[in-house]
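Undergrad: Just protein14.cif, nothing more (mmCIF, C-alpha atoms):
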data_my_file
loop_
_atom_site.group_PDB
_atom_site.id
_atom_site.type_symbol
_atom_site.label_atom_id
_atom_site.label_comp_id
_atom_site.auth_asym_id
_atom_site.auth_seq_id
_atom_site.Cartn_x
_atom_site.Cartn_y
_atom_site.Cartn_z
ATOM 1 C CA MET A 5 4.425 -1.409 9.055
ATOM 2 C CA PRO A 6 6.119 -4.467 7.546
ATOM 3 C CA GLU A 7 5.621 -4.754 3.791
ATOM 4 C CA GLY A 8 5.276 -7.850 1.641
ATOM 5 C CA PRO A 9 8.952 -8.930 1.633
ATOM 6 C CA SER A 10 9.163 -8.710 5.432
ATOM 7 C CA VAL A 11 6.010 -10.768 5.968
ATOM 8 C CA ARG A 12 7.312 -13.368 3.508
ATOM 9 C CA LYS A 13 10.384 -13.713 5.690
ATOM 10 C CA PHE A 14 8.164 -14.060 8.779
ATOM 11 C CA GLN A 15 6.315 -16.898 7.061
ATOM 12 C CA LEU A 16 9.561 -18.691 6.256
ATOM 13 C CA LEU A 17 10.495 -18.520 9.940
ATOM 14 C CA THR A 18 7.294 -20.365 10.837
ATOM 15 C CA THR A 19 7.532 -23.184 8.276
ATOM 16 C CA PRO A 20 9.995 -25.355 10.257
ATOM 17 C CA PHE A 21 7.342 -25.590 12.996
ATOM 18 C CA VAL A 22 4.574 -26.861 10.696
ATOM 19 C CA GLY A 23 3.438 -30.275 11.940
ATOM 20 C CA GLN A 24 4.526 -29.600 15.526
ATOM 21 C CA VAL A 25 2.236 -29.401 18.570
ATOM 22 C CA VAL A 26 1.952 -26.328 20.778
ATOM 23 C CA ALA A 27 3.069 -27.289 24.298
ATOM 24 C CA LYS A 28 2.775 -23.908 26.019
ATOM 25 C CA VAL A 29 1.581 -20.424 25.129
ATOM 26 C CA GLY A 30 2.202 -16.942 26.437
ATOM 27 C CA GLY A 31 2.083 -13.322 25.406
ATOM 28 C CA SER A 32 0.418 -10.033 26.233
ATOM 29 C CA SER A 33 -2.564 -10.272 23.864
ATOM 30 C CA ARG A 34 -5.861 -9.329 25.512
ATOM 31 C CA LYS A 35 -8.120 -9.752 22.488
ATOM 32 C CA LEU A 36 -7.072 -13.331 21.830
ATOM 33 C CA ASN A 37 -7.458 -16.138 24.354
ATOM 34 C CA VAL A 38 -3.979 -17.566 23.894
ATOM 35 C CA ASN A 39 -4.918 -20.682 25.864
ATOM 36 C CA ASP A 40 -7.085 -21.759 22.913
ATOM 37 C CA LEU A 41 -3.830 -22.637 21.134
ATOM 38 C CA ASN A 42 -2.658 -25.096 23.754
ATOM 39 C CA ALA A 43 -2.216 -28.674 22.472
ATOM 40 C CA LEU A 44 -3.034 -27.694 18.879
ATOM 41 C CA ARG A 45 -0.910 -28.746 15.932
ATOM 42 C CA LEU A 46 0.370 -26.105 13.525
ATOM 43 C CA GLN A 47 -0.952 -27.461 10.228
ATOM 44 C CA ASP A 48 0.004 -24.861 7.645
ATOM 45 C CA SER A 49 1.556 -21.425 7.151
ATOM 46 C CA GLN A 50 0.719 -19.002 4.349
ATOM 47 C CA VAL A 51 1.383 -15.391 3.495
ATOM 48 C CA HIS A 52 -0.836 -13.116 1.421
ATOM 49 C CA GLY A 53 0.336 -9.552 0.913
ATOM 50 C CA LYS A 54 0.972 -8.089 4.361
ATOM 51 C CA ASN A 55 -0.892 -10.804 6.251
ATOM 52 C CA LEU A 56 0.394 -14.039 7.757
ATOM 53 C CA TYR A 57 -1.972 -16.992 8.237
ATOM 54 C CA LEU A 58 -1.343 -19.986 10.493
ATOM 55 C CA ALA A 59 -3.656 -23.011 10.446
ATOM 56 C CA PHE A 60 -4.187 -25.067 13.607
ATOM 57 C CA VAL A 61 -5.908 -28.416 14.145
ATOM 58 C CA ALA A 62 -6.371 -30.685 17.146
ATOM 59 C CA ALA A 63 -3.172 -32.620 17.709
ATOM 60 C CA GLN A 64 -4.965 -36.012 17.700
ATOM 61 C CA ASP A 65 -7.759 -35.062 15.298
ATOM 62 C CA PRO A 66 -8.018 -37.875 12.721
ATOM 63 C CA LEU A 67 -10.080 -35.566 10.539
ATOM 64 C CA GLY A 68 -7.341 -33.008 10.286
ATOM 65 C CA PRO A 69 -6.059 -32.642 6.698
ATOM 66 C CA THR A 70 -2.624 -33.942 5.815
ATOM 67 C CA ALA A 71 0.021 -31.621 4.449
ATOM 68 C CA GLU A 72 -0.614 -32.917 0.915
ATOM 69 C CA GLU A 73 -4.362 -32.384 1.303
ATOM 70 C CA THR A 74 -3.731 -28.833 2.530
ATOM 71 C CA VAL A 75 -1.665 -28.088 -0.577
ATOM 72 C CA ARG A 76 -4.364 -29.531 -2.865
ATOM 73 C CA GLN A 77 -7.051 -27.492 -1.096
ATOM 74 C CA ARG A 78 -4.968 -24.348 -1.497
ATOM 75 C CA GLU A 79 -4.402 -25.001 -5.219
ATOM 76 C CA ALA A 80 -8.110 -25.686 -5.778
ATOM 77 C CA ALA A 81 -9.044 -22.460 -4.009
ATOM 78 C CA ASN A 82 -6.543 -20.488 -6.091
ATOM 79 C CA GLU A 83 -7.912 -21.977 -9.327
ATOM 80 C CA ALA A 84 -11.448 -21.058 -8.298
ATOM 81 C CA ARG A 85 -10.381 -17.459 -7.701
ATOM 82 C CA SER A 86 -8.371 -17.117 -10.933
ATOM 83 C CA PRO A 87 -10.188 -16.006 -14.123
ATOM 84 C CA ALA A 88 -10.263 -18.426 -17.038
ATOM 85 C CA GLN A 89 -7.624 -17.933 -19.659
ATOM 86 C CA GLY A 90 -8.742 -15.681 -22.441
ATOM 87 C CA GLU A 91 -11.615 -14.320 -20.381
ATOM 88 C CA GLN A 92 -11.993 -10.561 -20.653
ATOM 89 C CA GLU A 93 -11.865 -9.329 -17.074
ATOM 90 C CA GLN A 94 -13.860 -6.246 -16.157
ATOM 91 C CA VAL A 95 -12.052 -4.078 -13.620
ATOM 92 C CA CYS A 96 -13.584 -0.881 -12.359
ATOM 93 C CA ALA A 97 -11.393 2.129 -11.757
ATOM 94 C CA PRO A 98 -10.090 1.846 -8.194
ATOM 95 C CA HIS A 99 -11.153 4.162 -5.435
ATOM 96 C CA PRO A 100 -7.893 4.064 -3.457
ATOM 97 C CA GLN A 101 -7.944 4.365 0.288
ATOM 98 C CA ASP A 102 -5.076 4.623 2.680
ATOM 99 C CA GLU A 103 -3.489 1.166 2.873
ATOM 100 C CA GLU A 104 -3.657 0.936 6.650
ATOM 101 C CA LEU A 105 -7.296 2.053 6.886
ATOM 102 C CA GLN A 106 -8.242 -0.307 4.070
ATOM 103 C CA GLU A 107 -6.508 -3.276 5.691
ATOM 104 C CA LEU A 108 -8.000 -2.539 9.102
ATOM 105 C CA GLN A 109 -11.480 -2.498 7.598
ATOM 106 C CA GLN A 110 -10.797 -5.804 5.863
ATOM 107 C CA LEU A 111 -9.339 -7.261 9.050
ATOM 108 C CA ARG A 112 -12.470 -6.396 11.026
ATOM 109 C CA SER A 113 -14.677 -7.902 8.349
ATOM 110 C CA GLU A 114 -12.879 -11.238 8.575
ATOM 111 C CA GLY A 115 -13.589 -12.080 12.178
ATOM 112 C CA PRO A 116 -14.680 -15.575 13.221
ATOM 113 C CA ASP A 117 -17.955 -16.852 11.828
ATOM 114 C CA GLU A 118 -20.402 -17.092 14.732
ATOM 115 C CA ALA A 119 -21.991 -20.148 13.179
ATOM 116 C CA GLU A 120 -18.680 -21.967 13.087
ATOM 117 C CA GLY A 121 -17.129 -20.642 16.288
ATOM 118 C CA LEU A 122 -13.388 -20.124 16.105
ATOM 119 C CA GLY A 123 -11.932 -20.657 12.676
ATOM 120 C CA SER A 124 -8.974 -22.914 12.085
ATOM 121 C CA TRP A 125 -6.780 -20.109 10.724
ATOM 122 C CA LEU A 126 -5.194 -17.372 12.797
ATOM 123 C CA ARG A 127 -4.542 -14.204 10.857
ATOM 124 C CA PHE A 128 -1.676 -11.856 11.792
ATOM 125 C CA HIS A 129 -1.558 -8.247 10.652
ATOM 126 C CA PHE A 130 1.601 -6.466 11.798
ATOM 127 C CA GLY A 131 1.852 -2.894 12.991
ATOM 128 C CA LEU A 132 4.849 -0.578 13.084
ATOM 129 C CA PHE A 133 7.956 -2.552 14.121
ATOM 130 C CA GLY A 134 5.915 -5.766 14.064
ATOM 131 C CA SER A 135 7.972 -8.915 13.662
ATOM 132 C CA VAL A 136 8.274 -12.669 14.160
ATOM 133 C CA ARG A 137 11.224 -14.266 15.955
ATOM 134 C CA ALA A 138 12.113 -17.946 15.948
ATOM 135 C CA ASN A 139 13.865 -19.347 19.040
ATOM 136 C CA GLU A 140 14.832 -15.888 20.230
ATOM 137 C CA PHE A 141 13.215 -12.823 21.765
ATOM 138 C CA SER A 142 13.505 -9.264 20.535
ATOM 139 C CA ARG A 143 15.855 -7.066 22.527
ATOM 140 C CA ALA A 144 15.754 -3.310 23.071
ATOM 141 C CA ARG A 145 18.070 -1.439 20.709
ATOM 142 C CA THR A 146 17.529 1.992 22.225
ATOM 143 C CA ALA A 147 16.152 3.429 25.434
ATOM 144 C CA ASN A 148 12.486 4.426 25.536
ATOM 145 C CA LYS A 149 11.205 7.953 26.267
ATOM 146 C CA ARG A 150 11.677 7.358 29.991
ATOM 147 C CA GLY A 151 15.262 6.315 29.456
ATOM 148 C CA ASP A 152 14.575 2.657 30.247
ATOM 149 C CA TRP A 153 16.102 -0.194 28.269
ATOM 150 C CA LYS A 154 13.014 -2.350 28.266
ATOM 151 C CA ASP A 155 12.729 -5.283 25.878
ATOM 152 C CA PRO A 156 9.618 -5.413 23.671
ATOM 153 C CA VAL A 157 6.839 -7.644 24.995
ATOM 154 C CA PRO A 158 5.554 -10.234 22.491
ATOM 155 C CA ARG A 159 1.825 -10.372 21.800
ATOM 156 C CA LEU A 160 2.005 -14.142 21.417
ATOM 157 C CA VAL A 161 4.579 -16.829 22.151
ATOM 158 C CA LEU A 162 4.110 -20.404 20.930
ATOM 159 C CA HIS A 163 6.318 -23.025 22.603
ATOM 160 C CA PHE A 164 6.396 -26.330 20.738
ATOM 161 C CA GLU A 165 7.003 -29.855 21.962
ATOM 162 C CA SER A 166 10.294 -29.889 20.071
ATOM 163 C CA GLY A 167 11.628 -27.222 22.425
ATOM 164 C CA GLY A 168 11.596 -24.375 19.901
ATOM 165 C CA PHE A 169 9.320 -21.356 20.000
ATOM 166 C CA LEU A 170 7.887 -18.522 17.903
ATOM 167 C CA ALA A 171 7.413 -14.982 19.247
ATOM 168 C CA PHE A 172 5.070 -12.500 17.534
ATOM 169 C CA TYR A 173 5.427 -8.757 18.160
ATOM 170 C CA ASN A 174 3.112 -5.800 17.606
ATOM 171 C CA CYS A 175 0.441 -7.595 15.624
ATOM 172 C CA ARG A 176 -3.332 -7.909 15.491
ATOM 173 C CA MET A 177 -4.670 -11.448 15.511
ATOM 174 C CA LEU A 178 -8.071 -12.741 14.448
ATOM 175 C CA TRP A 179 -9.467 -16.206 13.835
ATOM 176 C CA CYS A 180 -10.918 -16.848 10.389
ATOM 177 C CA SER A 181 -12.250 -19.869 8.519
ATOM 178 C CA SER A 182 -9.673 -19.611 5.717
ATOM 179 C CA PRO A 183 -7.182 -17.162 4.204
ATOM 180 C CA ARG A 184 -9.274 -14.656 2.315
ATOM 181 C CA ALA A 185 -6.823 -13.380 -0.227
ATOM 182 C CA ASP A 186 -6.377 -13.039 -3.947
ATOM 183 C CA PRO A 187 -2.957 -14.273 -5.114
ATOM 184 C CA ALA A 188 -3.489 -12.361 -8.362
ATOM 185 C CA SER A 189 -3.036 -9.103 -6.435
ATOM 186 C CA ASP A 190 0.085 -10.194 -4.507
ATOM 187 C CA ILE A 191 3.174 -8.593 -6.051
ATOM 188 C CA LEU A 192 5.365 -11.453 -4.792
ATOM 189 C CA SER A 193 3.093 -14.208 -6.025
ATOM 190 C CA VAL A 194 3.724 -16.135 -9.242
ATOM 191 C CA GLU A 195 0.008 -15.597 -9.894
ATOM 192 C CA PHE A 196 0.273 -11.783 -9.823
ATOM 193 C CA HIS A 197 -2.082 -10.502 -12.539
ATOM 194 C CA ARG A 198 -0.169 -7.816 -14.432
ATOM 195 C CA GLY A 199 -3.067 -7.062 -16.762
ATOM 196 C CA ARG A 200 -5.435 -6.267 -13.922
ATOM 197 C CA ALA A 201 -2.786 -4.192 -12.159
ATOM 198 C CA LEU A 202 -2.065 -2.286 -15.362
ATOM 199 C CA ARG A 203 -5.741 -1.437 -15.841
ATOM 200 C CA ALA A 204 -5.912 -0.227 -12.224
ATOM 201 C CA LEU A 205 -2.940 2.063 -12.816
ATOM 202 C CA ARG A 206 -4.745 3.687 -15.763
ATOM 203 C CA ALA A 207 -7.313 5.237 -13.440
ATOM 204 C CA PRO A 208 -7.481 9.073 -13.434
ATOM 205 C CA ASP A 209 -5.990 9.204 -9.933
ATOM 206 C CA PRO A 210 -2.523 10.097 -8.637
ATOM 207 C CA ILE A 211 -0.334 7.088 -9.252
ATOM 208 C CA CYS A 212 0.926 7.105 -5.659
ATOM 209 C CA TYR A 213 -2.642 6.521 -4.416
ATOM 210 C CA THR A 214 -3.278 3.563 -6.706
ATOM 211 C CA LEU A 215 -0.025 1.811 -5.802
ATOM 212 C CA LEU A 216 -1.142 1.561 -2.172
ATOM 213 C CA ASP A 217 -4.507 0.035 -3.082
ATOM 214 C CA GLN A 218 -4.166 -3.472 -1.653
ATOM 215 C CA ARG A 219 -6.896 -4.800 -3.941
ATOM 216 C CA TYR A 220 -4.430 -4.634 -6.826
ATOM 217 C CA PHE A 221 -1.016 -4.387 -5.125
ATOM 218 C CA SER A 222 -1.198 -6.547 -2.032
ATOM 219 C CA GLY A 223 2.020 -6.292 -0.039
ATOM 220 C CA LEU A 224 3.121 -3.019 -1.617
ATOM 221 C CA GLY A 225 3.722 -0.368 1.051
ATOM 222 C CA ASN A 226 5.105 3.124 1.367
ATOM 223 C CA ILE A 227 8.780 2.188 1.053
ATOM 224 C CA ILE A 228 8.233 0.183 -2.129
ATOM 225 C CA LYS A 229 5.983 2.924 -3.497
ATOM 226 C CA ASN A 230 8.629 5.625 -3.107
ATOM 227 C CA GLU A 231 11.460 3.521 -4.480
ATOM 228 C CA ILE A 232 9.724 2.172 -7.575
ATOM 229 C CA LEU A 233 8.340 5.570 -8.574
ATOM 230 C CA TYR A 234 11.895 6.873 -8.576
ATOM 231 C CA LEU A 235 13.233 3.832 -10.423
ATOM 232 C CA ALA A 236 10.529 4.250 -13.082
ATOM 233 C CA ARG A 237 11.083 8.040 -13.174
ATOM 234 C CA ILE A 238 7.402 8.786 -12.530
ATOM 235 C CA HIS A 239 6.136 11.731 -10.503
ATOM 236 C CA PRO A 240 4.060 10.505 -7.527
ATOM 237 C CA LEU A 241 1.119 12.787 -8.342
ATOM 238 C CA ALA A 242 1.019 11.941 -12.041
ATOM 239 C CA GLN A 243 -2.468 10.903 -13.129
ATOM 240 C CA GLY A 244 -2.363 7.287 -14.257
ATOM 241 C CA SER A 245 -4.615 8.039 -17.222
ATOM 242 C CA LEU A 246 -2.030 10.536 -18.544
ATOM 243 C CA LEU A 247 0.904 8.145 -18.527
ATOM 244 C CA ALA A 248 2.065 6.078 -21.478
ATOM 245 C CA VAL A 249 1.396 2.358 -21.251
ATOM 246 C CA SER A 250 5.130 1.748 -21.604
ATOM 247 C CA ASP A 251 5.737 3.869 -18.484
ATOM 248 C CA LEU A 252 3.154 1.907 -16.507
ATOM 249 C CA GLU A 253 4.607 -1.396 -17.663
ATOM 250 C CA ARG A 254 8.049 -0.240 -16.546
ATOM 251 C CA LEU A 255 6.558 0.715 -13.171
ATOM 252 C CA LEU A 256 5.124 -2.797 -12.798
ATOM 253 C CA ASP A 257 8.490 -4.285 -13.682
ATOM 254 C CA CYS A 258 10.114 -2.135 -11.001
ATOM 255 C CA ALA A 259 7.494 -3.152 -8.421
ATOM 256 C CA VAL A 260 8.039 -6.877 -8.944
ATOM 257 C CA GLN A 261 11.815 -6.673 -9.276
ATOM 258 C CA PHE A 262 12.365 -4.353 -6.294
ATOM 259 C CA SER A 263 10.092 -6.436 -4.049
ATOM 260 C CA SER A 264 11.784 -9.683 -5.088
ATOM 261 C CA GLU A 265 15.277 -8.262 -4.567
ATOM 262 C CA TRP A 266 14.297 -6.853 -1.173
ATOM 263 C CA LEU A 267 13.065 -10.294 -0.122
ATOM 264 C CA HIS A 268 16.256 -11.923 -1.410
ATOM 265 C CA ASN A 269 18.390 -9.440 0.545
ATOM 266 C CA LYS A 270 16.380 -10.077 3.691
ATOM 267 C CA LEU A 271 16.897 -13.814 3.404
ATOM 268 C CA CYS A 272 20.630 -13.189 2.964
ATOM 269 C CA GLY A 273 20.743 -11.000 6.067
ATOM 270 C CA GLN A 274 21.325 -7.812 4.089
ATOM 271 C CA GLY A 275 19.637 -4.514 4.873
ATOM 272 C CA LEU A 276 17.674 -2.248 2.562
ATOM 273 C CA HIS A 277 19.564 0.618 0.934
ATOM 274 C CA PRO A 278 16.842 2.975 -0.371
ATOM 275 C CA GLN A 279 17.618 5.524 -3.032
ATOM 276 C CA VAL A 280 15.022 8.143 -2.092
ATOM 277 C CA TYR A 281 13.016 6.939 0.923
ATOM 278 C CA LYS A 282 13.879 9.290 3.823
ATOM 279 C CA LYS A 283 16.788 10.711 1.818
ATOM 280 C CA GLU A 284 17.748 14.323 1.104
ATOM 281 C CA GLN A 285 19.295 13.710 -2.314
ATOM 282 C CA CYS A 286 18.715 11.227 -5.112
ATOM 283 C CA PRO A 287 21.626 9.039 -6.320
ATOM 284 C CA LEU A 288 22.410 11.682 -8.970
ATOM 285 C CA GLY A 289 22.847 14.362 -6.312
ATOM 286 C CA HIS A 290 19.594 16.253 -6.945
ATOM 287 C CA PRO A 291 17.750 17.649 -3.899
ATOM 288 C CA LEU A 292 14.619 15.683 -3.090
ATOM 289 C CA MET A 293 11.166 17.036 -2.365
ATOM 290 C CA LYS A 294 9.007 15.632 0.428
ATOM 291 C CA GLY A 295 5.232 15.807 0.701
ATOM 292 C CA THR A 296 2.342 14.131 2.461
ATOM 293 C CA PHE A 297 -0.181 12.801 -0.045
ATOM 294 C CA GLY A 298 -3.348 10.784 0.222
ATOM 295 C CA PRO A 299 -6.933 10.607 -1.025
ATOM 296 C CA SER A 300 -9.478 13.112 0.173
ATOM 297 C CA GLY A 301 -10.795 12.041 3.537
ATOM 298 C CA GLY A 302 -8.118 9.364 3.914
ATOM 299 C CA PHE A 303 -4.794 9.146 5.661
ATOM 300 C CA LYS A 304 -1.781 10.821 4.085
ATOM 301 C CA ARG A 305 1.545 9.119 3.437
ATOM 302 C CA LEU A 306 4.998 10.674 3.282
ATOM 303 C CA THR A 307 6.418 10.740 -0.221
ATOM 304 C CA TRP A 308 9.891 11.604 -1.470
ATOM 305 C CA TRP A 309 10.640 12.384 -5.113
ATOM 306 C CA CYS A 310 13.182 14.102 -7.334
ATOM 307 C CA PRO A 311 11.714 16.966 -9.392
ATOM 308 C CA GLN A 312 14.451 16.530 -12.003
ATOM 309 C CA CYS A 313 14.386 12.747 -12.355
ATOM 310 C CA GLN A 314 10.593 12.536 -11.889
ATOM 311 C CA PRO A 315 9.132 15.551 -13.713
ATOM 312 C CA ALA A 316 5.457 16.368 -13.444
ATOM 313 C CA VAL A 317 3.229 15.059 -16.239
ATOM 314 C CA LEU A 318 0.823 17.520 -17.843
ATOM 315 C CA PRO A 319 -2.180 16.701 -20.061
ATOM 316 C CA GLY A 320 -0.904 15.802 -23.529
ATOM 317 C CA ASP A 321 2.498 14.619 -22.310
ATOM 318 C CA GLY A 322 1.560 10.966 -22.088
ATOM 319 C CA ASP A 323 0.258 8.466 -24.588
ATOM 320 C CA PRO A 324 -3.057 7.254 -23.148
ATOM 321 C CA SER A 325 -3.386 4.387 -25.584
ATOM 322 C CA PRO A 326 -5.763 1.564 -24.637
ATOM 323 C CA VAL A 327 -4.517 -1.382 -22.640
ATOM 324 C CA THR A 328 -4.866 -4.660 -24.471
#
Spit out the file's structure as structure tokens when you get a sec.

TA:
Amino acid sequence: MPEGPSVRKFQLLTTPFVGQVVAKVGGSSRKLNVNDLNALRLQDSQVHGKNLYLAFVAAQDPLGPTAEETVRQREAANEARSPAQGEQEQVCAPHPQDEELQELQQLRSEGPDEAEGLGSWLRFHFGLFGSVRANEFSRARTANKRGDWKDPVPRLVLHFESGGFLAFYNCRMLWCSSPRADPASDILSVEFHRGRALRALRAPDPICYTLLDQRYFSGLGNIIKNEILYLARIHPLAQGSLLAVSDLERLLDCAVQFSSEWLHNKLCGQGLHPQVYKKEQCPLGHPLMKGTFGPSGGFKRLTWWCPQCQPAVLPGDGDPSPVT
């Protein structure tokens, strides 16, 4: 499924339409009454981790917030969620779950409030090959299993009065009252809380499990996980509590830098060139290992690693000094 950098690009595709009124809707969605979006004005667009949020208001609603008011409301909400400076934050050791299962559970819990009816925000969570297109439709690149060259069918299409349109593919959509997200956990956010993430990584769990915990690494998916573990030279099954703090800090640096560079490349129209993800050899020519790892009772994720560049960590190898 699309990871943080991809969803950031989707959000940037929607921003030129903010302030415009929906003139016509279409799409194959059966769980969302697409006609509810007719004649609404797209008020705001936000991204949090792997989720895209679009705010809609009545086109002629005098009570609808202005763009400046929306920004102030967003900043106030972020300040309310952020801990005070100097405050000692208590973070329990994470109990990682598979990222997709965890996000699906969160998605279901954020349905519309019955007391309020439909919320003003529409949340998009993208599945495999999910995407957003602006002023163009997705075209088939290969034939399907039946040999047909059938173009993908969008779940939702928003036609605006300006003549442009947005097409959303392979996504789940739910109304909510507001974006329920923590910018401190978003690896692409300027508010990403490194201290909290570092304490989460110190849990006595395989490091590859913790990295996919969206509570601390929102937007980080399987591709980023594989690549940054190789860049930081850390074995995917290494227990976080056995690793030196310097190793964990380097891993965080790799997570932020790799994600930011991936986003930059996407915006420049450049593709991703992974070093280990779905590869047979690492850049140094060593054969890669491949395994399917995940927490007990949860879904397993494919993992590639180099036994030579990412040696296993045994008790006593690391420097489990306290995190300050």

Undergrad: Kindly resolve the PyMOL selection byres ((chain A and resi 283) around 12) on the present coordinates and return the residues as a list in words.

TA: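 Residues picked by the PyMOL selection byres ((chain A and resi 283) around 12): Ile227, Asn230, Glu231, His277, Pro278, Gln279, Val280, Tyr281, Lys282, Glu284, Gln285, Cys286, Pro287, Gly289, His290, Pro291, Leu292, Met293, Lys294, Leu306, Thr307, Trp308, Trp309 and Cys310 of chain A.
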
Undergrad: Restrict the calculation to all atoms listed in the file, then for each residue of segment 289-320 of chain A with any atom at most 10 Å from an atom of segment 212-217 of chain A give the closest atom pair and their distance in Å to one decimal, rows by chain and rising residue number, as JSON lines.

TA:
{"residue": "A:Phe297", "atom": "CA", "partner": "A:Tyr213", "partner_atom": "CA", "distance": 8.0}
{"residue": "A:Gly298", "atom": "CA", "partner": "A:Tyr213", "partner_atom": "CA", "distance": 6.3}
{"residue": "A:Pro299", "atom": "CA", "partner": "A:Tyr213", "partner_atom": "CA", "distance": 6.8}
{"residue": "A:Lys304", "atom": "CA", "partner": "A:Tyr213", "partner_atom": "CA", "distance": 9.6}
{"residue": "A:Arg305", "atom": "CA", "partner": "A:Tyr213", "partner_atom": "CA", "distance": 9.3}
{"residue": "A:Thr307", "atom": "CA", "partner": "A:Cys212", "partner_atom": "CA", "distance": 8.5}

Undergrad: First collect every listed atom of segment 204-212 of chain A; then fit an axis-aligned box around them, widen it by 8 Å on each side, and give centre and edge lengths in Å to one decimal, as JSON.

TA:
{"center_x": -3.3, "center_y": 4.9, "center_z": -10.7, "size_x": 24.4, "size_y": 26.3, "size_z": 26.1}

Undergrad: Just how far from atom CA of Arg200 of chain A is atom CA of Leu246 of chain A, in Å to one decimal?

TA: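 Between atom CA of Leu246 of chain A and atom CA of Arg200 of chain A the gap is 17.8 Å.
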
Undergrad: Can you work out which one of A:Gly8, A:Pro210, A:Gly23, A:Gly30 has the shortest atom-to-atom distance to Glu165 of chain A, counting only C-alpha atoms?

TA: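 Checking each of A:Gly8, A:Pro210, A:Gly23, A:Gly30 against Glu165 of chain A, counting only C-alpha atoms, the winner is A:Gly23.
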
Undergrad: Rounded to one decimal place, report the atom CA of Ser222 of chain A-atom CA of Ile191 of chain A distance in Å.

TA: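 Between atom CA of Ser222 of chain A and atom CA of Ile191 of chain A the gap works out to 6.3 Å.
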
Undergrad: Would you kindly translate the PyMOL selection byres ((chain A and resi 125) around 6) into the concrete residues it picks from this file, as a PyMOL selection string?

TA: chain A and resi 58-59+123-124+126+179-182

Undergrad: Mind giving me the straight-line distance from atom CA of Leu276 of chain A to atom CA of Pro187 of chain A in Å, one decimal?

TA: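 Computing it gives 25.1 Å between the two atoms.
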
Undergrad: Quick one: residues within 9 Å of Leu233 of chain A, all atoms listed in the file counted, chain neighbours fewer than 6 positions away excluded, as number ranges by chain?

TA: A: 211-212, 239-240, 255, 258-259, 309, 314

Undergrad: Please write the residues from the selection above to a file, keeping C-alpha atoms, as a PDB file, in the frame of the given file.

TA:
ATOM      1  CA  ILE A 211      -0.334   7.088  -9.252  1.00  0.00           C
ATOM      2  CA  CYS A 212       0.926   7.105  -5.659  1.00  0.00           C
ATOM      3  CA  HIS A 239       6.136  11.731 -10.503  1.00  0.00           C
ATOM      4  CA  PRO A 240       4.060  10.505  -7.527  1.00  0.00           C
ATOM      5  CA  LEU A 255       6.558   0.715 -13.171  1.00  0.00           C
ATOM      6  CA  CYS A 258      10.114  -2.135 -11.001  1.00  0.00           C
ATOM      7  CA  ALA A 259       7.494  -3.152  -8.421  1.00  0.00           C
ATOM      8  CA  TRP A 309      10.640  12.384  -5.113  1.00  0.00           C
ATOM      9  CA  GLN A 314      10.593  12.536 -11.889  1.00  0.00           C
TER      10      GLN A 314
END

Undergrad: Measuring between all atoms listed in the file, which one of A:Ile228, A:Val161, A:Val260, A:Leu178 shows the shortest distance to Phe196 of chain A?

TA: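 Closest to Phe196 of chain A, using all atoms listed in the file: A:Val260.
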
Undergrad: Please check which residues have atoms at most 12 Å from (18.5, -15.0, 5.7) in the file's coordinates, counting all atoms listed in the file, and write them as a list in words.

TA: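 Here the neighbourhood of the point contains Ser10, Arg12, Lys13, Phe14, Leu16, Leu17, Trp266, Leu267, His268, Asn269, Lys270, Leu271, Cys272, Gly273, Gln274 and Gly275 of chain A.
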
Undergrad: Would you pick out the contacts of Lys35 of chain A at 8 Å or less, using all atoms listed in the file, so that residues sharing its chain but fewer than 2 positions from it are not included, and give the list as a VMD selection string?

TA: chain A and resid 33 37 177

Undergrad: Return the single residue from A:Val194, A:Ala147, A:Ala207, A:Leu36 that is closest to Cys175 of chain A, with distances computed using all atoms listed in the file.

TA: A:Leu36

Undergrad: Please provide the set of residues having any atom within 6 Å of Arg45 of chain A, restricted to only C-alpha atoms, with same-chain residues fewer than 6 positions apart removed, written as a list in words.

TA: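 Once the adjacent positions are removed, what remains is Gln24, Val25, Phe60, Val61, Ala62 and Ala63 of chain A.
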
Undergrad: Taking the file as shown, find all residues satisfying the PyMOL selection byres ((chain A and resi 236) around 8) and write them as a list in words.

TA: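 Residues picked by the PyMOL selection byres ((chain A and resi 236) around 8): Ile232, Leu233, Tyr234, Leu235, Arg237, Ile238, Asp251, Arg254, Leu255 and Cys258 of chain A.
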
Undergrad: Return the single residue from A:Gly199, A:Gly167, A:Gly223, A:Pro319 that is closest to Leu252 of chain A, with distances computed using all atoms listed in the file.

TA: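 Among the listed residues, the smallest separation from Leu252 of chain A belongs to A:Gly199.
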
Undergrad: Using all atoms listed in the file, which of the listed residues (A:Thr296, A:Val136, A:Leu205, A:Phe169) sits closest to Val249 of chain A?

TA: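 Closest to Val249 of chain A of all the choices is A:Leu205.
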
Undergrad: In terms of the shortest atom-to-atom distance over only C-alpha atoms, which of A:Arg176, A:Arg137, A:His163, A:His129 is closest to Ala43 of chain A?

TA: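 Under the stated criterion, the closest residue is A:His163.
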